[in-house]
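What follows is a set of notes on a single structure, which appears directly below.
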Amino acid sequence: MTQRRGRWRWVVGLLVALAVGRGMAGLVAGAAQADALGIRPSWRLLTAMDLSLRVLVAAVAALVLFANLLAVRHSIVSVVLPRQLGNLRFGEAVPMRLLTLGAAAFALAIGALFAFVDLDGRQVLLALHGVRFGATDPYLERDLGWYLVGLPVEQALWETGGLLLAAAAVLTIALYAGTPSLRVRDGRLTATGWVRRHLGVVGAVGLLFLAWHWRLERYELLLTGRGAAAGFGAVEHRLILPYLLGLTMLGVGGAGIFLTAIWRGALRVGAGVLVVLLILAPIGRIGLATFGPTFGSTARAISDREVPYQATRARFTERAHGPVRDPAAAGAAALDSLRRMAPPGAIILPEGGRYRVVRDTTGRVAAPSLTTRRQRIVHAWALQNPRLLWAGGTPEDRVLLGADPWARVARVAPFVRAAPIPRVVTHDGTTYWVLDLAIEAASYPLATPLADRAEVVRYRREAGVALVDAMTGAVHIIPPADPDPVLRAWMALVPDVFASARALPAGLDLASGSAPPPGPATVPATVPASVGRPDAITGPASDLRSQAGALYEAMETARRAGDWAAYGDAWRRLGILLGRAP
């Protein structure tokens, strides 16, 4: 038994060492890439924010779990483990100090898993900096910048906290079920006073989270209304918004009543609170949404009362989308056309891949070196490719992360979306990929989402252009003359990412670039969805056959490249295309 336990310790230790080593190698490799691109300060800020946020969430999760485990441990008088010495069997009590240490270790292990939940450090950084539009919505009177920045962060906090609360509740109940403190006797669930009070506290916190959900639902109502088709209208304004406000206050008060009732043993009162908040309140919400629009109104009256709300939604939609040229309206470019646009000797290509080793004979390639053994080990570990250990070795060898225009822009400015259709500009013997940039968000009040998009986009504003040197991989982000408040906040947070228009070569005309000719709607298989993969197939409806054929070609290209994410994206978009077919 001791040898087996020792083997498991070695296996677990090795896995932990590999995971930690991979993370450290990723940080070192990322720092080297940031140095090569000239964005070390912004990379340091974004990375520090992401790591700090994950450590904070893991620490809070560990503390919450440890507090619950410690409460369970205090309800245990003793733990006796069977022992055998020869033919003599006896029980040995485990010291309480070891139980406490075991609870702390278990809480740390589970809490560490919360560091891997879906967190957006960039959004939190932007929320801490603050984004203000100086204009509010007409119903809840919150600044529009809060919807773009604050609301997504609060939603993420609620989701993470709810997940932590659920884990703590399940763990607590499971541990109590293994002790005599919580038993089913004669068909009835019995619990000691300590267990009842502990579970009462957990339940009261859950009711507070329910009240928090109703608060957030009021703001989400301005985004979606009763559905994507209906939008925000009179029923939401006059009935559902006040109802949700009442539910929020009722949830906070109900949590206090529930805790007091459970603490004093008034179980029926606590059960009544749960019935009201968990059953009756949602039924009332559904009833208002279902019968409120037509109750006591004629069709003409319903139509008339919606006119001002429709006008408000149209005004906010026009303001949210802004004067941005939608890249989908220009048609999609075929891979062959994009390949023909690439100059000879270019290292940034439409199908450049996630990374590759290039030979830098000019000393201008924006990529870290693979000269030393330490550099090769770091990048091989970070990229999980042992072949990089034997690559390089000469001063000219470089490892290029993100070898297509979209991935290069994502490495420099991950908070913008690059257009799927690049232009090519040649000036003084240098060729640039030019991509239009935009700031996009899913949460903007009273705005209709952009049509024919795979993901919801309610806010879209121009964010300038990105110049990607096709020969060196250097990236220049040129902001517009009048940036929106979100982009202004990013320009204040990471000024090293943005280049001034005066820094461009004299005589460079960005508007004179050549675009690929319209062709089959084929998407470069290496374009990540978060940095510019086309979200819709455009073109006349009569061209359905060519669009479907182009998507099939994209699927085949992704399959041959082993890019299953791109394959699934093309498959999904083919389904959307066929679903819109007449």
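Chain identifiers are assigned as A, B, and so on, following the order in which chains appear in the structure tokens; residues are numbered from 1 within each chain, and ligands are numbered from 1 in order of appearance.
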Discussion item. Give me, as number ranges by chain, all polymer residues having an atom no more than 7 Å from Ser369 of chain A, counting only C-alpha atoms and skipping those fewer than 5 positions away in the same chain.
Written reply: A: 397-399
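Between Ala489 of chain A and the candidates A:Ile439, A:Leu400, A:Val409, A:Ile39, the tightest atom-to-atom separation, counting only C-alpha atoms, involves A:Ile439.
Running DSSP on the backbone and keeping only strand (DSSP E), the residues of segment 20-135 of chain A that qualify are Val80, Leu81, Pro82, Arg83, Gln84, Leu85, Leu88, Arg89, Phe90, Gly91, Glu92 and Ala93 of chain A.
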Worksheet item: Near segment 149-151 of chain A, within 8 Å and counting only C-alpha atoms, which residues show up once chain neighbours fewer than 3 positions away are dropped, as a list of chain:residue names?
Response: A:Gln123, A:Val124, A:Leu126, A:Ala127, A:Gly130, A:Val131, A:Gly145, A:Trp146, A:Glu154, A:Gln155, A:Leu216, A:Ser443
Using C-alpha atoms, can you write the selected residues to a file as a compact mmCIF listing (two decimals), in the first residue's frame?
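So part-v3.txt came out as:
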```txt
# COMPACT_ATOMS: atom_id res chain seq x y z
CA GLN A 123 -13.00 43.29 -19.80
CA VAL A 124 -12.27 43.64 -16.08
CA LEU A 126 -11.59 48.10 -19.00
CA ALA A 127 -14.27 48.18 -16.30
CA GLY A 130 -14.08 53.12 -16.72
CA VAL A 131 -15.84 53.89 -19.99
CA GLY A 145 -20.68 52.58 -21.27
CA TRP A 146 -21.83 50.50 -18.29
CA GLU A 154 -21.09 41.69 -13.40
CA GLN A 155 -22.66 38.81 -15.35
CA LEU A 216 -29.25 41.71 -13.81
CA SER A 443 -24.46 44.34 -24.90
```
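Residue neighbourhood of Leu113 of chain A, excluding near-sequence residues (fewer than 2 positions): Arg54, Val55, Val57, Ala58, Ala59, Val60, Ala61, Ala62, Phe106, Ala107, Leu108, Ala109, Ile110, Gly111, Ala115, Phe116, Val117, Asp118, Thr160, Leu163, Leu164 and Ala167 of chain A, at 12 Å, using only C-alpha atoms.
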Item to complete: Go through segment 316-457 of chain A and collect every residue that DSSP, computed from the backbone, puts in alpha helix (DSSP H); the answer should be as a VMD selection string.
Response: chain A and resid 316 to 321 335 to 341 373 to 383 405 to 412
Fill in: For Gln375 of chain A, the nearest of the candidates A:Ala281, A:Val424, A:Ala31, A:Val468, counting only C-alpha atoms
A:Ala31
Practice prompt. Might you pull out every residue within 10 Å of Ala271 of chain A, with only C-alpha atoms counted and same-chain residues fewer than 6 positions away left off, and present them as a list in words?
Written response: Phe258, Ala261 and Ile262 of chain A
Given the selection you just returned, output its residues as a file containing N, CA and C atoms, formatted as a PDB file, in the first residue's frame.
```
ATOM      1  N   PHE A 258     -35.574  33.621   5.449  1.00  0.00           N
ATOM      2  CA  PHE A 258     -35.241  32.201   5.366  1.00  0.00           C
ATOM      3  C   PHE A 258     -34.152  31.832   6.372  1.00  0.00           C
ATOM      4  N   ALA A 261     -35.580  31.882   9.890  1.00  0.00           N
ATOM      5  CA  ALA A 261     -36.492  30.765  10.138  1.00  0.00           C
ATOM      6  C   ALA A 261     -35.727  29.462  10.327  1.00  0.00           C
ATOM      7  N   ILE A 262     -34.755  29.207   9.460  1.00  0.00           N
ATOM      8  CA  ILE A 262     -33.989  27.966   9.579  1.00  0.00           C
ATOM      9  C   ILE A 262     -33.156  27.977  10.852  1.00  0.00           C
TER      10      ILE A 262
END
```
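The spacing separating atom CA of His74 of chain A from atom CA of Val201 of chain A amounts to 15.7 Å.
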Worksheet item: Which is closest to Ala463 of chain A among A:Pro386, A:Ile421, A:Gly322, A:Ser181, if we use only C-alpha atoms?
Response: A:Gly322
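Taking atom CA of Gln310 of chain A and atom CA of Ala438 of chain A as the two end points, the separation is 26.6 Å.
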